[in-house]
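What follows is structure_19.csv (CSV, N, CA and C atoms).
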chain,number,residue,atom,x,y,z
A,1288,MET,N,88.6,96.0,81.5
A,1288,MET,CA,88.0,97.1,80.8
A,1288,MET,C,88.9,97.3,79.5
A,1289,THR,N,88.2,97.5,78.4
A,1289,THR,CA,88.8,97.8,77.1
A,1289,THR,C,89.2,99.3,77.0
A,1290,GLU,N,90.1,99.5,76.1
A,1290,GLU,CA,90.5,100.9,75.9
A,1290,GLU,C,89.3,101.7,75.4
A,1291,ALA,N,88.5,101.1,74.6
A,1291,ALA,CA,87.3,101.8,74.0
A,1291,ALA,C,86.4,102.2,75.2
A,1292,GLU,N,86.2,101.3,76.1
A,1292,GLU,CA,85.3,101.6,77.2
A,1292,GLU,C,85.8,102.7,78.1
A,1293,TRP,N,87.1,102.6,78.4
A,1293,TRP,CA,87.8,103.7,79.1
A,1293,TRP,C,87.7,105.0,78.5
A,1294,THR,N,87.8,105.1,77.1
A,1294,THR,CA,87.7,106.3,76.4
A,1294,THR,C,86.3,106.8,76.5
A,1295,ARG,N,85.3,105.9,76.4
A,1295,ARG,CA,83.9,106.3,76.5
A,1295,ARG,C,83.6,106.9,77.8
A,1296,ILE,N,84.1,106.3,78.9
A,1296,ILE,CA,83.8,106.8,80.3
A,1296,ILE,C,84.5,108.1,80.4
A,1297,ARG,N,85.7,108.3,80.0
A,1297,ARG,CA,86.4,109.5,80.1
A,1297,ARG,C,85.7,110.7,79.5
A,1298,ARG,N,85.1,110.4,78.3
A,1298,ARG,CA,84.4,111.5,77.6
A,1298,ARG,C,83.3,112.2,78.4
A,1299,GLY,N,82.7,111.4,79.4
A,1299,GLY,CA,81.7,112.0,80.2
A,1299,GLY,C,82.1,112.6,81.5
A,1300,LEU,N,83.4,112.6,81.8
A,1300,LEU,CA,84.0,113.1,83.1
A,1300,LEU,C,84.4,114.5,83.0
A,1301,ARG,N,84.1,115.2,84.1
A,1301,ARG,CA,84.6,116.6,84.2
A,1301,ARG,C,85.3,116.8,85.5
A,1302,PHE,N,86.4,117.6,85.5
A,1302,PHE,CA,87.1,117.9,86.7
A,1302,PHE,C,86.1,118.5,87.7
A,1303,GLY,N,86.2,118.1,89.0
A,1303,GLY,CA,85.3,118.6,90.0
A,1303,GLY,C,84.0,117.9,90.1
A,1304,GLN,N,83.7,117.0,89.1
A,1304,GLN,CA,82.4,116.3,89.1
A,1304,GLN,C,82.4,115.4,90.4
A,1305,VAL,N,81.2,115.5,91.0
A,1305,VAL,CA,81.1,114.8,92.3
A,1305,VAL,C,80.3,113.5,92.2
A,1306,PHE,N,80.9,112.5,92.8
A,1306,PHE,CA,80.3,111.1,92.9
A,1306,PHE,C,80.2,110.7,94.3
A,1307,GLU,N,79.1,110.1,94.7
A,1307,GLU,CA,79.0,109.5,96.0
A,1307,GLU,C,79.8,108.1,95.9
A,1308,GLY,N,80.7,107.9,96.8
A,1308,GLY,CA,81.5,106.7,96.7
A,1308,GLY,C,81.6,106.0,98.0
A,1309,THR,N,82.0,104.7,97.9
A,1309,THR,CA,82.3,103.9,99.1
A,1309,THR,C,83.8,103.5,99.1
A,1310,VAL,N,84.4,103.8,100.2
A,1310,VAL,CA,85.8,103.4,100.4
A,1310,VAL,C,85.8,101.9,100.5
A,1311,VAL,N,86.5,101.3,99.5
A,1311,VAL,CA,86.6,99.8,99.5
A,1311,VAL,C,87.9,99.2,100.0
A,1312,ARG,N,88.9,100.0,100.0
A,1312,ARG,CA,90.2,99.5,100.4
A,1312,ARG,C,91.1,100.6,100.9
A,1313,VAL,N,91.8,100.3,102.0
A,1313,VAL,CA,92.8,101.3,102.5
A,1313,VAL,C,94.1,100.5,102.8
A,1314,PRO,N,94.8,100.2,101.7
A,1314,PRO,CA,96.0,99.4,101.9
A,1314,PRO,C,97.1,100.3,102.4
A,1315,ARG,N,97.9,99.7,103.3
A,1315,ARG,CA,99.1,100.4,103.8
A,1315,ARG,C,98.8,101.9,104.2
A,1316,PRO,N,97.9,102.1,105.2
A,1316,PRO,CA,97.5,103.4,105.6
A,1316,PRO,C,98.8,104.3,105.8
A,1317,GLY,N,98.7,105.5,105.2
A,1317,GLY,CA,99.8,106.5,105.3
A,1317,GLY,C,100.8,106.3,104.2
A,1318,ALA,N,100.7,105.3,103.4
A,1318,ALA,CA,101.7,105.1,102.3
A,1318,ALA,C,101.2,105.4,100.9
A,1319,ILE,N,100.0,104.9,100.5
A,1319,ILE,CA,99.6,105.1,99.1
A,1319,ILE,C,98.3,105.9,98.9
A,1320,GLY,N,97.3,105.6,99.7
A,1320,GLY,CA,96.0,106.3,99.6
A,1320,GLY,C,94.9,105.3,99.8
A,1321,ILE,N,93.7,105.6,99.2
A,1321,ILE,CA,92.5,104.8,99.4
A,1321,ILE,C,91.8,104.5,98.0
A,1322,PHE,N,91.2,103.4,97.9
A,1322,PHE,CA,90.4,103.0,96.7
A,1322,PHE,C,88.9,103.2,97.0
A,1323,VAL,N,88.3,103.8,96.0
A,1323,VAL,CA,86.9,104.1,96.2
A,1323,VAL,C,86.0,103.6,95.0
A,1324,ASP,N,84.9,103.0,95.3
A,1324,ASP,CA,83.9,102.6,94.3
A,1324,ASP,C,83.0,103.7,94.1
A,1325,ILE,N,82.9,104.3,92.9
A,1325,ILE,CA,82.0,105.4,92.6
A,1325,ILE,C,80.9,104.9,91.6
A,1326,GLY,N,80.8,103.6,91.5
A,1326,GLY,CA,79.7,103.1,90.7
A,1326,GLY,C,79.9,103.0,89.2
A,1327,LEU,N,81.2,103.2,88.8
A,1327,LEU,CA,81.5,103.1,87.4
A,1327,LEU,C,82.4,101.8,87.3
A,1328,SER,N,82.6,101.3,86.0
A,1328,SER,CA,83.4,100.1,85.8
A,1328,SER,C,84.9,100.4,86.0
A,1329,VAL,N,85.2,101.6,86.3
A,1329,VAL,CA,86.6,102.0,86.5
A,1329,VAL,C,86.8,102.4,88.0
A,1330,GLY,N,87.9,102.0,88.5
A,1330,GLY,CA,88.1,102.3,89.9
A,1330,GLY,C,88.5,103.8,90.2
A,1331,GLY,N,88.2,104.2,91.4
A,1331,GLY,CA,88.5,105.5,91.9
A,1331,GLY,C,89.6,105.4,93.0
A,1332,PHE,N,90.5,106.4,93.0
A,1332,PHE,CA,91.6,106.4,93.9
A,1332,PHE,C,91.9,107.8,94.5
A,1333,VAL,N,92.1,107.9,95.8
A,1333,VAL,CA,92.5,109.1,96.4
A,1333,VAL,C,94.0,109.0,96.8
A,1334,ASP,N,94.9,109.8,96.3
A,1334,ASP,CA,96.3,109.7,96.6
A,1334,ASP,C,96.6,110.2,98.0
A,1335,VAL,N,97.5,109.6,98.7
A,1335,VAL,CA,97.9,109.9,100.0
A,1335,VAL,C,98.2,111.4,100.2
A,1336,LEU,N,98.7,112.0,99.1
A,1336,LEU,CA,99.1,113.5,99.2
A,1336,LEU,C,97.9,114.4,99.4
A,1337,LEU,N,96.7,113.9,99.1
A,1337,LEU,CA,95.5,114.7,99.3
A,1337,LEU,C,94.8,114.4,100.7
A,1338,LEU,N,95.2,113.3,101.4
A,1338,LEU,CA,94.6,112.9,102.6
A,1338,LEU,C,95.3,113.6,103.8
A,1339,PRO,N,94.6,113.6,105.0
A,1339,PRO,CA,95.2,114.1,106.2
A,1339,PRO,C,96.5,113.4,106.5
A,1340,GLU,N,97.4,114.1,107.2
A,1340,GLU,CA,98.7,113.5,107.6
A,1340,GLU,C,98.5,112.3,108.5
A,1341,GLN,N,97.5,112.5,109.5
A,1341,GLN,CA,97.2,111.4,110.4
A,1341,GLN,C,96.2,110.4,109.8
A,1342,THR,N,96.6,109.2,109.7
A,1342,THR,CA,95.7,108.2,109.1
A,1342,THR,C,94.4,108.0,109.9
A,1343,LYS,N,94.4,108.3,111.2
A,1343,LYS,CA,93.2,108.2,112.0
A,1343,LYS,C,92.1,109.1,111.4
A,1344,ASP,N,92.5,110.1,110.7
A,1344,ASP,CA,91.5,111.1,110.1
A,1344,ASP,C,91.1,110.7,108.7
A,1345,TRP,N,91.6,109.6,108.1
A,1345,TRP,CA,91.2,109.1,106.8
A,1345,TRP,C,89.9,108.4,106.9
A,1346,PRO,N,89.1,108.4,105.8
A,1346,PRO,CA,87.9,107.6,105.8
A,1346,PRO,C,88.3,106.2,105.8
A,1347,THR,N,87.5,105.4,106.5
A,1347,THR,CA,87.8,103.9,106.6
A,1347,THR,C,87.0,103.1,105.6
A,1348,GLU,N,87.4,101.9,105.5
A,1348,GLU,CA,86.6,101.0,104.6
A,1348,GLU,C,85.2,101.0,105.0
A,1349,GLY,N,84.3,101.1,104.0
A,1349,GLY,CA,82.9,101.2,104.2
A,1349,GLY,C,82.3,102.6,104.3
A,1350,THR,N,83.2,103.6,104.5
A,1350,THR,CA,82.7,105.0,104.6
A,1350,THR,C,82.1,105.4,103.2
A,1351,VAL,N,80.9,106.0,103.3
A,1351,VAL,CA,80.3,106.5,102.1
A,1351,VAL,C,80.4,108.1,102.2
A,1352,ALA,N,80.9,108.7,101.2
A,1352,ALA,CA,81.2,110.1,101.1
A,1352,ALA,C,81.2,110.6,99.7
A,1353,ASP,N,81.2,111.9,99.5
A,1353,ASP,CA,81.3,112.5,98.2
A,1353,ASP,C,82.8,112.7,97.8
A,1354,PHE,N,83.1,112.4,96.6
A,1354,PHE,CA,84.4,112.5,96.1
A,1354,PHE,C,84.3,113.3,94.7
A,1355,GLU,N,85.3,114.1,94.4
A,1355,GLU,CA,85.4,114.9,93.2
A,1355,GLU,C,86.5,114.3,92.3
A,1356,ILE,N,86.2,114.4,91.0
A,1356,ILE,CA,87.3,114.0,90.1
A,1356,ILE,C,88.4,115.1,90.1
A,1357,TRP,N,89.6,114.6,90.4
A,1357,TRP,CA,90.7,115.4,90.6
A,1357,TRP,C,91.6,115.3,89.4
A,1358,TRP,N,91.7,114.0,88.8
A,1358,TRP,CA,92.6,113.8,87.7
A,1358,TRP,C,92.2,112.5,87.0
A,1359,ALA,N,92.4,112.3,85.8
A,1359,ALA,CA,92.3,111.1,85.1
A,1359,ALA,C,93.3,111.1,83.9
A,1360,ASP,N,94.2,110.2,83.9
A,1360,ASP,CA,95.2,110.1,82.8
A,1360,ASP,C,95.1,108.8,82.0
A,1361,SER,N,96.1,108.4,81.4
A,1361,SER,CA,96.1,107.2,80.6
A,1361,SER,C,95.9,105.9,81.4
A,1362,ARG,N,96.1,106.0,82.7
A,1362,ARG,CA,95.9,104.8,83.6
A,1362,ARG,C,94.3,104.7,83.7
A,1363,ARG,N,93.9,103.5,83.7
A,1363,ARG,CA,92.4,103.2,83.8
A,1363,ARG,C,92.0,103.3,85.2
A,1364,GLN,N,92.0,104.5,85.7
A,1364,GLN,CA,91.7,104.8,87.1
A,1364,GLN,C,91.3,106.3,87.2
A,1365,ILE,N,90.3,106.6,88.0
A,1365,ILE,CA,89.9,108.0,88.2
A,1365,ILE,C,90.5,108.5,89.5
A,1366,ARG,N,91.3,109.5,89.4
A,1366,ARG,CA,91.9,110.1,90.6
A,1366,ARG,C,90.9,111.0,91.2
A,1367,LEU,N,90.6,110.9,92.5
A,1367,LEU,CA,89.6,111.6,93.2
A,1367,LEU,C,90.2,112.4,94.4
A,1368,LYS,N,89.4,113.4,94.8
A,1368,LYS,CA,89.7,114.1,96.1
A,1368,LYS,C,88.4,114.1,96.9
A,1369,PRO,N,88.6,114.0,98.2
A,1369,PRO,CA,87.4,114.0,99.0
A,1369,PRO,C,86.7,115.4,98.9
A,1370,SER,N,85.4,115.4,98.9
A,1370,SER,CA,84.7,116.7,98.9
A,1370,SER,C,84.6,117.3,100.4
A,1371,ASP,N,84.6,116.4,101.3
A,1371,ASP,CA,84.5,116.8,102.7
A,1371,ASP,C,85.9,117.2,103.2
A,1372,SER,N,86.0,118.4,103.6
A,1372,SER,CA,87.3,119.0,104.0
A,1372,SER,C,87.9,118.2,105.2
A,1373,HIS,N,87.1,117.5,106.0
A,1373,HIS,CA,87.6,116.7,107.1
A,1373,HIS,C,88.5,115.6,106.6
A,1374,TYR,N,88.3,115.1,105.3
A,1374,TYR,CA,89.1,114.1,104.8
A,1374,TYR,C,90.3,114.6,103.9
A,1375,LEU,N,90.4,115.9,103.8
A,1375,LEU,CA,91.5,116.5,103.0
A,1375,LEU,C,92.7,116.9,103.9
A,1376,ARG,N,93.9,116.9,103.3
A,1376,ARG,CA,95.0,117.4,104.1
A,1376,ARG,C,94.7,118.8,104.6
A,1377,ASN,N,95.2,119.1,105.8
A,1377,ASN,CA,94.8,120.4,106.4
A,1377,ASN,C,95.4,121.6,105.7
A,1378,ASP,N,96.4,121.5,104.9
A,1378,ASP,CA,96.9,122.6,104.1
A,1378,ASP,C,96.5,122.5,102.6
A,1379,PHE,N,95.3,122.0,102.4
A,1379,PHE,CA,94.9,121.7,101.0
A,1379,PHE,C,95.0,122.9,100.1
A,1380,THR,N,94.5,124.1,100.6
A,1380,THR,CA,94.5,125.3,99.8
A,1380,THR,C,96.0,125.7,99.4
A,1381,GLY,N,96.9,125.6,100.3
A,1381,GLY,CA,98.3,125.9,100.0
A,1381,GLY,C,98.9,124.9,99.1
A,1382,PHE,N,98.5,123.6,99.2
A,1382,PHE,CA,99.0,122.5,98.4
A,1382,PHE,C,98.5,122.8,96.9
A,1383,VAL,N,97.3,123.2,96.7
A,1383,VAL,CA,96.8,123.5,95.4
A,1383,VAL,C,97.5,124.7,94.8
A,1384,GLU,N,97.7,125.7,95.6
A,1384,GLU,CA,98.4,126.9,95.1
A,1384,GLU,C,99.8,126.5,94.6
A,1385,ARG,N,100.5,125.6,95.3
A,1385,ARG,CA,101.8,125.2,94.9
A,1385,ARG,C,101.9,124.2,93.8
A,1386,PHE,N,101.0,123.2,93.8
A,1386,PHE,CA,101.2,122.1,92.9
A,1386,PHE,C,100.1,122.0,91.8
A,1387,ARG,N,99.0,122.7,91.9
A,1387,ARG,CA,98.0,122.6,90.9
A,1387,ARG,C,97.2,123.9,90.9
A,1388,PRO,N,97.9,125.0,90.6
A,1388,PRO,CA,97.3,126.4,90.7
A,1388,PRO,C,96.1,126.6,89.8
A,1389,LYS,N,96.1,125.8,88.7
A,1389,LYS,CA,95.0,126.0,87.7
A,1389,LYS,C,93.7,125.3,88.1
A,1390,TRP,N,93.7,124.5,89.3
A,1390,TRP,CA,92.6,123.7,89.7
A,1390,TRP,C,91.3,124.5,89.6
A,1391,PRO,N,91.2,125.6,90.3
A,1391,PRO,CA,89.9,126.3,90.3
A,1391,PRO,C,89.3,126.5,88.9
A,1392,SER,N,90.2,126.9,87.9
A,1392,SER,CA,89.7,127.1,86.6
A,1392,SER,C,89.4,125.8,85.8
A,1393,GLU,N,89.9,124.7,86.3
A,1393,GLU,CA,89.7,123.4,85.6
A,1393,GLU,C,88.4,122.8,86.0
A,1394,VAL,N,87.8,123.2,87.1
A,1394,VAL,CA,86.6,122.6,87.6
A,1394,VAL,C,85.5,122.8,86.5
A,1395,GLY,N,84.8,121.8,86.2
A,1395,GLY,CA,83.8,121.8,85.2
A,1395,GLY,C,84.3,121.5,83.8
A,1396,ARG,N,85.6,121.5,83.5
A,1396,ARG,CA,86.1,121.2,82.2
A,1396,ARG,C,86.2,119.7,82.0
A,1397,LEU,N,86.1,119.3,80.7
A,1397,LEU,CA,86.1,117.9,80.4
A,1397,LEU,C,87.5,117.4,80.8
A,1398,VAL,N,87.6,116.1,81.2
A,1398,VAL,CA,88.8,115.5,81.5
A,1398,VAL,C,89.3,114.9,80.2
A,1399,ARG,N,90.5,115.3,79.8
A,1399,ARG,CA,91.1,114.8,78.6
A,1399,ARG,C,92.5,114.3,78.9
A,1400,ASP,N,93.0,113.5,77.9
A,1400,ASP,CA,94.4,113.0,78.1
A,1400,ASP,C,95.3,114.2,78.0
A,1401,PRO,N,96.3,114.2,78.9
A,1401,PRO,CA,97.2,115.4,78.8
A,1401,PRO,C,97.9,115.4,77.4
A,1402,GLU,N,98.0,116.6,76.9
A,1402,GLU,CA,98.7,116.7,75.6
A,1402,GLU,C,100.2,116.6,75.8
A,1403,PRO,N,100.9,116.0,74.8
A,1403,PRO,CA,102.3,116.0,74.9
A,1403,PRO,C,102.9,117.4,74.9
A,1404,PRO,N,104.0,117.7,75.6
A,1404,PRO,CA,104.5,119.1,75.5
A,1404,PRO,C,105.0,119.4,74.1
A,1405,PRO,N,105.0,120.6,73.7
A,1405,PRO,CA,105.5,121.0,72.4
A,1405,PRO,C,107.0,120.7,72.4
A,1406,LEU,N,107.5,120.3,71.2
A,1406,LEU,CA,108.9,120.0,71.1
A,1406,LEU,C,109.7,121.4,71.0
A,1407,ASP,N,110.7,121.5,71.9
A,1407,ASP,CA,111.6,122.6,71.8
A,1407,ASP,C,112.8,122.2,71.0
A,1408,GLU,N,113.4,123.2,70.5
A,1408,GLU,CA,114.7,122.9,69.8
A,1408,GLU,C,115.6,122.2,70.8
A,1409,GLY,N,116.2,121.1,70.3
A,1409,GLY,CA,117.1,120.4,71.1
A,1409,GLY,C,116.5,119.2,71.9
A,1410,GLN,N,115.2,119.0,71.6
A,1410,GLN,CA,114.5,117.9,72.3
A,1410,GLN,C,114.1,116.8,71.3
A,1411,GLU,N,114.0,115.6,71.7
A,1411,GLU,CA,113.6,114.5,70.9
A,1411,GLU,C,112.1,114.3,71.2
A,1412,ALA,N,111.4,113.5,70.5
A,1412,ALA,CA,110.0,113.2,70.6
A,1412,ALA,C,109.6,112.8,72.0
A,1413,GLY,N,110.5,112.1,72.7
A,1413,GLY,CA,110.2,111.6,74.1
A,1413,GLY,C,110.2,112.7,75.1
A,1414,GLY,N,110.6,113.9,74.7
A,1414,GLY,CA,110.6,115.0,75.6
A,1414,GLY,C,111.9,115.2,76.4
A,1415,TRP,N,112.9,114.3,76.2
A,1415,TRP,CA,114.2,114.5,76.8
A,1415,TRP,C,115.1,115.2,76.0
A,1416,PRO,N,116.0,116.0,76.5
A,1416,PRO,CA,117.0,116.7,75.7
A,1416,PRO,C,117.9,115.7,74.9
A,1417,GLN,N,118.2,116.1,73.7
A,1417,GLN,CA,119.1,115.3,72.9
A,1417,GLN,C,120.5,115.3,73.5
A,1418,ALA,N,121.2,114.1,73.4
A,1418,ALA,CA,122.6,114.0,73.9
A,1418,ALA,C,123.4,114.8,72.8
A,1419,THR,N,124.4,115.5,73.3
A,1419,THR,CA,125.3,116.2,72.4
A,1419,THR,C,126.7,115.7,72.4

Could you render the structure as structure tokens?
Amino acid sequence: MTEAEWTRIRRGLRFGQVFEGTVVRVPRPGAIGIFVDIGLSVGGFVDVLLLPEQTKDWPTEGTVADFEIWWADSRRQIRLKPSDSHYLRNDFTGFVERFRPKWPSEVGRLVRDPEPPPLDEGQEAGGWPQAT
């Protein structure tokens, strides 16, 4: 996939947008997550952090379910979260409150590349403090 195609696809994506997808790969259950085909030329991925602790509760290869766009960054991959709470970690609400508290207000917004943080005095362009 070219950078231009990835940019074109991203322009049409919104946080919380739901896709019906098929789980196509579950490598190393409990370690990384699952890969999902959502019908686009870019792959979908659900991170282990969003899935139930017990891998027996994960969707298996071939499972068809709804998935929501959770994140998309410069990697040519769409990060998903399962829509079905059965496939989510059991403390998902608390997880969101701790690690992504703005999630409810992001739903429906366009997925954009994260903007670089503003430079503070004493920082270089890379975001790391300058050595003194």

Which residues are close to Asp1371 of chain A, i.e. within 10 Å by only C-alpha atoms, leaving aside same-chain residues fewer than 5 positions away? Reply as a short mmCIF file (atom, residue, chain, number, x, y, z; two decimals) with N, CA and C atoms, in the coordinates of the input.
data_model
loop_
_atom_site.label_atom_id
_atom_site.label_comp_id
_atom_site.auth_asym_id
_atom_site.auth_seq_id
_atom_site.Cartn_x
_atom_site.Cartn_y
_atom_site.Cartn_z
N ALA A 1352 80.90 108.70 101.20
CA ALA A 1352 81.20 110.10 101.10
C ALA A 1352 81.20 110.60 99.70
N ASP A 1353 81.20 111.90 99.50
CA ASP A 1353 81.30 112.50 98.20
C ASP A 1353 82.80 112.70 97.80
N PHE A 1354 83.10 112.40 96.60
CA PHE A 1354 84.40 112.50 96.10
C PHE A 1354 84.30 113.30 94.70
N GLU A 1355 85.30 114.10 94.40
CA GLU A 1355 85.40 114.90 93.20
C GLU A 1355 86.50 114.30 92.30
#

**Request:** Compare A:Gln1341, A:Ser1328, A:Gln1304, A:Ser1372 by their minimum atom-to-atom distance to Arg1396 of chain A, counting only N, CA and C atoms, and give me the closest one.
**Result:** A:Gln1304

**Request:** For Arg1363 of chain A, work out the shell of residues within 10 Å, counting only C-alpha atoms and skipping chain neighbours fewer than 6 positions away, then give it as a ChimeraX atom specification.
**Result:** /A:1288-1290,1292-1294,1296-1297,1328-1331

**Request:** May I ask which of the residues A:Ile1356, A:Thr1309, A:Ala1291, A:Leu1338 is the closest one to Leu1397 of chain A, counting only C-alpha atoms?
**Result:**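 Nearest candidate to Leu1397 of chain A out of A:Ile1356, A:Thr1309, A:Ala1291, A:Leu1338: A:Ile1356.
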
**Residue among A:Glu1340, A:Gly1303, A:Gly1317, A:Phe1332 lying closest to Asp1378 of chain A, counting only N, CA and C atoms** = A:Glu1340

**Item:** Expected answer as number ranges by chain: alpha helix (DSSP H) residues in segment 1338-1398 of chain A
**Value:** A: 1379-1386, 1390-1393

Write the residues of the preceding selection, restricted to N, CA and C atoms, as a short mmCIF file (atom, residue, chain, number, x, y, z; two decimals), in the frame of the given file.
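Saved to selection.cif:
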data_model
loop_
_atom_site.label_atom_id
_atom_site.label_comp_id
_atom_site.auth_asym_id
_atom_site.auth_seq_id
_atom_site.Cartn_x
_atom_site.Cartn_y
_atom_site.Cartn_z
N PHE A 1379 95.30 122.00 102.40
CA PHE A 1379 94.90 121.70 101.00
C PHE A 1379 95.00 122.90 100.10
N THR A 1380 94.50 124.10 100.60
CA THR A 1380 94.50 125.30 99.80
C THR A 1380 96.00 125.70 99.40
N GLY A 1381 96.90 125.60 100.30
CA GLY A 1381 98.30 125.90 100.00
C GLY A 1381 98.90 124.90 99.10
N PHE A 1382 98.50 123.60 99.20
CA PHE A 1382 99.00 122.50 98.40
C PHE A 1382 98.50 122.80 96.90
N VAL A 1383 97.30 123.20 96.70
CA VAL A 1383 96.80 123.50 95.40
C VAL A 1383 97.50 124.70 94.80
N GLU A 1384 97.70 125.70 95.60
CA GLU A 1384 98.40 126.90 95.10
C GLU A 1384 99.80 126.50 94.60
N ARG A 1385 100.50 125.60 95.30
CA ARG A 1385 101.80 125.20 94.90
C ARG A 1385 101.90 124.20 93.80
N PHE A 1386 101.00 123.20 93.80
CA PHE A 1386 101.20 122.10 92.90
C PHE A 1386 100.10 122.00 91.80
N TRP A 1390 93.70 124.50 89.30
CA TRP A 1390 92.60 123.70 89.70
C TRP A 1390 91.30 124.50 89.60
N PRO A 1391 91.20 125.60 90.30
CA PRO A 1391 89.90 126.30 90.30
C PRO A 1391 89.30 126.50 88.90
N SER A 1392 90.20 126.90 87.90
CA SER A 1392 89.70 127.10 86.60
C SER A 1392 89.40 125.80 85.80
N GLU A 1393 89.90 124.70 86.30
CA GLU A 1393 89.70 123.40 85.60
C GLU A 1393 88.40 122.80 86.00
#

**Message:** Please report the interatomic distance between atom C of Gly1395 of chain A and atom CA of Arg1295 of chain A in Å with one decimal.
**Reply:** 16.9 Å

**Prompt:** So how many Å separate atom C of Gly1381 of chain A and atom C of Pro1346 of chain A, to one decimal?
**Reply:**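 One can read the atom C of Gly1381 of chain A to atom C of Pro1346 of chain A distance as 22.5 Å.
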
**Request:** Pull the strand (DSSP E) assignments for segment 1304-1396 of chain A out of DSSP run on the backbone, and list those residues as a ChimeraX atom specification.
**Result:** /A:1305-1312,1320-1324,1330-1334,1351-1359,1364-1369

Written selection (N, CA and C atoms) as a compact mmCIF listing (two decimals), in the frame of the given file:
# COMPACT_ATOMS: atom_id res chain seq x y z
N VAL A 1305 81.20 115.50 91.00
CA VAL A 1305 81.10 114.80 92.30
C VAL A 1305 80.30 113.50 92.20
N PHE A 1306 80.90 112.50 92.80
CA PHE A 1306 80.30 111.10 92.90
C PHE A 1306 80.20 110.70 94.30
N GLU A 1307 79.10 110.10 94.70
CA GLU A 1307 79.00 109.50 96.00
C GLU A 1307 79.80 108.10 95.90
N GLY A 1308 80.70 107.90 96.80
CA GLY A 1308 81.50 106.70 96.70
C GLY A 1308 81.60 106.00 98.00
N THR A 1309 82.00 104.70 97.90
CA THR A 1309 82.30 103.90 99.10
C THR A 1309 83.80 103.50 99.10
N VAL A 1310 84.40 103.80 100.20
CA VAL A 1310 85.80 103.40 100.40
C VAL A 1310 85.80 101.90 100.50
N VAL A 1311 86.50 101.30 99.50
CA VAL A 1311 86.60 99.80 99.50
C VAL A 1311 87.90 99.20 100.00
N ARG A 1312 88.90 100.00 100.00
CA ARG A 1312 90.20 99.50 100.40
C ARG A 1312 91.10 100.60 100.90
N GLY A 1320 97.30 105.60 99.70
CA GLY A 1320 96.00 106.30 99.60
C GLY A 1320 94.90 105.30 99.80
N ILE A 1321 93.70 105.60 99.20
CA ILE A 1321 92.50 104.80 99.40
C ILE A 1321 91.80 104.50 98.00
N PHE A 1322 91.20 103.40 97.90
CA PHE A 1322 90.40 103.00 96.70
C PHE A 1322 88.90 103.20 97.00
N VAL A 1323 88.30 103.80 96.00
CA VAL A 1323 86.90 104.10 96.20
C VAL A 1323 86.00 103.60 95.00
N ASP A 1324 84.90 103.00 95.30
CA ASP A 1324 83.90 102.60 94.30
C ASP A 1324 83.00 103.70 94.10
N GLY A 1330 87.90 102.00 88.50
CA GLY A 1330 88.10 102.30 89.90
C GLY A 1330 88.50 103.80 90.20
N GLY A 1331 88.20 104.20 91.40
CA GLY A 1331 88.50 105.50 91.90
C GLY A 1331 89.60 105.40 93.00
N PHE A 1332 90.50 106.40 93.00
CA PHE A 1332 91.60 106.40 93.90
C PHE A 1332 91.90 107.80 94.50
N VAL A 1333 92.10 107.90 95.80
CA VAL A 1333 92.50 109.10 96.40
C VAL A 1333 94.00 109.00 96.80
N ASP A 1334 94.90 109.80 96.30
CA ASP A 1334 96.30 109.70 96.60
C ASP A 1334 96.60 110.20 98.00
N VAL A 1351 80.90 106.00 103.30
CA VAL A 1351 80.30 106.50 102.10
C VAL A 1351 80.40 108.10 102.20
N ALA A 1352 80.90 108.70 101.20
CA ALA A 1352 81.20 110.10 101.10
C ALA A 1352 81.20 110.60 99.70
N ASP A 1353 81.20 111.90 99.50
CA ASP A 1353 81.30 112.50 98.20
C ASP A 1353 82.80 112.70 97.80
N PHE A 1354 83.10 112.40 96.60
CA PHE A 1354 84.40 112.50 96.10
C PHE A 1354 84.30 113.30 94.70
N GLU A 1355 85.30 114.10 94.40
CA GLU A 1355 85.40 114.90 93.20
C GLU A 1355 86.50 114.30 92.30
N ILE A 1356 86.20 114.40 91.00
CA ILE A 1356 87.30 114.00 90.10
C ILE A 1356 88.40 115.10 90.10
N TRP A 1357 89.60 114.60 90.40
CA TRP A 1357 90.70 115.40 90.60
C TRP A 1357 91.60 115.30 89.40
N TRP A 1358 91.70 114.00 88.80
CA TRP A 1358 92.60 113.80 87.70
C TRP A 1358 92.20 112.50 87.00
N ALA A 1359 92.40 112.30 85.80
CA ALA A 1359 92.30 111.10 85.10
C ALA A 1359 93.30 111.10 83.90
N GLN A 1364 92.00 104.50 85.70
CA GLN A 1364 91.70 104.80 87.10
C GLN A 1364 91.30 106.30 87.20
N ILE A 1365 90.30 106.60 88.00
CA ILE A 1365 89.90 108.00 88.20
C ILE A 1365 90.50 108.50 89.50
N ARG A 1366 91.30 109.50 89.40
CA ARG A 1366 91.90 110.10 90.60
C ARG A 1366 90.90 111.00 91.20
N LEU A 1367 90.60 110.90 92.50
CA LEU A 1367 89.60 111.60 93.20
C LEU A 1367 90.20 112.40 94.40
N LYS A 1368 89.40 113.40 94.80
CA LYS A 1368 89.70 114.10 96.10
C LYS A 1368 88.40 114.10 96.90
N PRO A 1369 88.60 114.00 98.20
CA PRO A 1369 87.40 114.00 99.00
C PRO A 1369 86.70 115.40 98.90

**Asked** Interatomic distance between atom CA of Thr1342 of chain A and atom CA of Thr1380 of chain A?
**Response**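 The value is 19.5 Å.
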
**Radius query 6.5 Å about (87.9, 109.3, 99.2), atoms used: only N, CA and C atoms, as a list of chain:residue names** =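 Here the neighbourhood of the point contains A:Val1310, A:Ile1321, A:Val1323, A:Phe1332, A:Val1333, A:Asp1353, A:Phe1354, A:Leu1367, A:Lys1368, A:Pro1369.
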
**Asked** Do you know which residues are at most 10 Å from Leu1327 of chain A counting only C-alpha atoms, after dropping those on the same chain fewer than 6 positions away, and could you put them as number ranges by chain?
**Response** A: 1296, 1306, 1308, 1365
